[in-house]
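Asks: So that we are looking at the same thing, I have put the structure below in structure tokens.
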Amino acid sequence: MKKITVILVALLLICTMSPLSFAQTSQGRGVKKAAVNTEIIRGKIISINTAKNEIVVKENKTGTEKTIVVDPTVISSLKVDEDVKVALKAGSNVAEKVNKIVKKTTSTKK
């Protein structure tokens, strides 16, 4: 009777611990990180509201206007009618990064 009880306890212990060991080993394989989507907007600054730290950008592709919240230190360096590339945080209108687009001028050398 003691042998059967010991064997049953041992089997029960093995059965309950084996799924845990598989979960630990497969954790590193095949698991992809959640992709963080950022929206990129390219366009021209239409207006700047320094009181609210907002800029309005008219997109080049669609022609729609989008109000974007910008860091106060960045907004001071922006001007109306500048071309910008804005990276927005996923699912919001808050700018992660604002880059001015410098247009290349063609120069002719003689």
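To be explicit about the labels: the chains of the structure tokens are called A, B, and onward in the order shown, and within each one the residues are counted from 1, while ligands get numbers from 1 in the order they are shown.
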Quick one: residues within 7 Å of Lys97 in chain A, only C-alpha atoms, excluding same-chain residues fewer than 2 positions away - as a PyMOL selection string?

Replies: chain A and resi 86-87+95+99

Asks: Keeping only C-alpha atoms, write the selected residues as a PDB file, in the first residue's frame.

Replies:
ATOM      1  CA  VAL A  86       6.269  64.343 -37.569  1.00  0.00           C
ATOM      2  CA  ALA A  87       6.334  60.959 -35.811  1.00  0.00           C
ATOM      3  CA  ALA A  95       4.490  64.178 -31.407  1.00  0.00           C
ATOM      4  CA  ASN A  99      12.033  67.022 -38.095  1.00  0.00           C
TER       5      ASN A  99
END

Asks: Just list the residues in range 40-108 of chain A DSSP gives strand (DSSP E) on the backbone, as a PyMOL selection string.

Replies: chain A and resi 40-49+54-59+65-69+83-88+95-100

Asks: With N, CA and C atoms retained, could you export that selection as a compact mmCIF listing (two decimals), in the first residue's frame?

Replies:
# COMPACT_ATOMS: atom_id res chain seq x y z
N ILE A 40 3.54 58.44 -39.22
CA ILE A 40 4.43 59.46 -39.76
C ILE A 40 3.60 60.39 -40.64
N ILE A 41 3.73 61.69 -40.38
CA ILE A 41 3.01 62.69 -41.15
C ILE A 41 4.04 63.62 -41.78
N ARG A 42 3.90 63.83 -43.08
CA ARG A 42 4.75 64.79 -43.80
C ARG A 42 3.84 65.88 -44.34
N GLY A 43 4.21 67.11 -44.06
CA GLY A 43 3.38 68.19 -44.55
C GLY A 43 3.93 69.55 -44.18
N LYS A 44 3.07 70.56 -44.36
CA LYS A 44 3.45 71.96 -44.13
C LYS A 44 2.71 72.47 -42.90
N ILE A 45 3.43 73.22 -42.06
CA ILE A 45 2.82 73.81 -40.87
C ILE A 45 1.92 74.96 -41.32
N ILE A 46 0.64 74.88 -40.91
CA ILE A 46 -0.33 75.91 -41.27
C ILE A 46 -0.44 76.95 -40.16
N SER A 47 -0.46 76.48 -38.91
CA SER A 47 -0.54 77.42 -37.79
C SER A 47 0.17 76.86 -36.57
N ILE A 48 0.56 77.76 -35.68
CA ILE A 48 1.25 77.39 -34.44
C ILE A 48 0.53 78.07 -33.27
N ASN A 49 0.16 77.28 -32.26
CA ASN A 49 -0.48 77.81 -31.05
C ASN A 49 0.46 77.53 -29.89
N GLU A 54 0.54 73.44 -29.64
CA GLU A 54 -0.03 72.70 -30.77
C GLU A 54 0.38 73.34 -32.09
N ILE A 55 0.53 72.47 -33.07
CA ILE A 55 0.73 72.93 -34.44
C ILE A 55 -0.33 72.25 -35.31
N VAL A 56 -0.69 72.90 -36.39
CA VAL A 56 -1.61 72.31 -37.37
C VAL A 56 -0.79 72.06 -38.62
N VAL A 57 -0.78 70.79 -39.06
CA VAL A 57 0.00 70.39 -40.23
C VAL A 57 -0.96 69.93 -41.32
N LYS A 58 -0.76 70.44 -42.53
CA LYS A 58 -1.53 69.98 -43.68
C LYS A 58 -0.71 68.91 -44.39
N GLU A 59 -1.25 67.68 -44.42
CA GLU A 59 -0.53 66.55 -44.99
C GLU A 59 -0.35 66.72 -46.50
N GLU A 65 -5.87 68.41 -42.65
CA GLU A 65 -5.18 69.15 -41.59
C GLU A 65 -5.26 68.36 -40.30
N LYS A 66 -4.15 68.29 -39.59
CA LYS A 66 -4.09 67.54 -38.34
C LYS A 66 -3.46 68.40 -37.26
N THR A 67 -4.13 68.47 -36.10
CA THR A 67 -3.61 69.21 -34.96
C THR A 67 -2.73 68.28 -34.14
N ILE A 68 -1.52 68.72 -33.84
CA ILE A 68 -0.53 67.87 -33.17
C ILE A 68 0.02 68.61 -31.95
N VAL A 69 0.10 67.91 -30.83
CA VAL A 69 0.67 68.46 -29.60
C VAL A 69 2.18 68.24 -29.66
N ASP A 83 8.13 72.89 -44.03
CA ASP A 83 7.83 71.49 -44.27
C ASP A 83 8.42 70.67 -43.14
N VAL A 84 7.60 69.76 -42.57
CA VAL A 84 8.05 68.95 -41.44
C VAL A 84 7.66 67.49 -41.63
N LYS A 85 8.38 66.65 -40.91
CA LYS A 85 8.07 65.23 -40.81
C LYS A 85 7.85 64.96 -39.33
N VAL A 86 6.64 64.52 -38.97
CA VAL A 86 6.27 64.34 -37.57
C VAL A 86 5.99 62.87 -37.30
N ALA A 87 6.61 62.32 -36.26
CA ALA A 87 6.33 60.96 -35.81
C ALA A 87 5.42 61.06 -34.59
N LEU A 88 4.21 60.50 -34.72
CA LEU A 88 3.24 60.55 -33.63
C LEU A 88 3.29 59.28 -32.80
N ALA A 95 3.29 64.39 -30.59
CA ALA A 95 4.49 64.18 -31.41
C ALA A 95 5.61 63.57 -30.58
N GLU A 96 6.21 62.51 -31.09
CA GLU A 96 7.42 61.94 -30.49
C GLU A 96 8.64 62.69 -31.01
N LYS A 97 8.60 63.01 -32.31
CA LYS A 97 9.75 63.64 -32.95
C LYS A 97 9.24 64.54 -34.08
N VAL A 98 9.83 65.71 -34.21
CA VAL A 98 9.50 66.64 -35.29
C VAL A 98 10.80 66.99 -36.00
N ASN A 99 10.85 66.71 -37.29
CA ASN A 99 12.03 67.02 -38.09
C ASN A 99 11.64 67.99 -39.20
N LYS A 100 12.46 69.02 -39.38
CA LYS A 100 12.25 69.94 -40.50
C LYS A 100 12.76 69.26 -41.76

Asks: Excluding Ala51 in chain A and its own-chain neighbours fewer than 4 positions away, which residues fall within 12 Å of it when counting only C-alpha atoms? Please give them as a list in words.

Replies: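 Contacts, with the query itself left out: Ile55, Val69, Val70, Asp71, Pro72, Ile75 and Ser76 of chain A.
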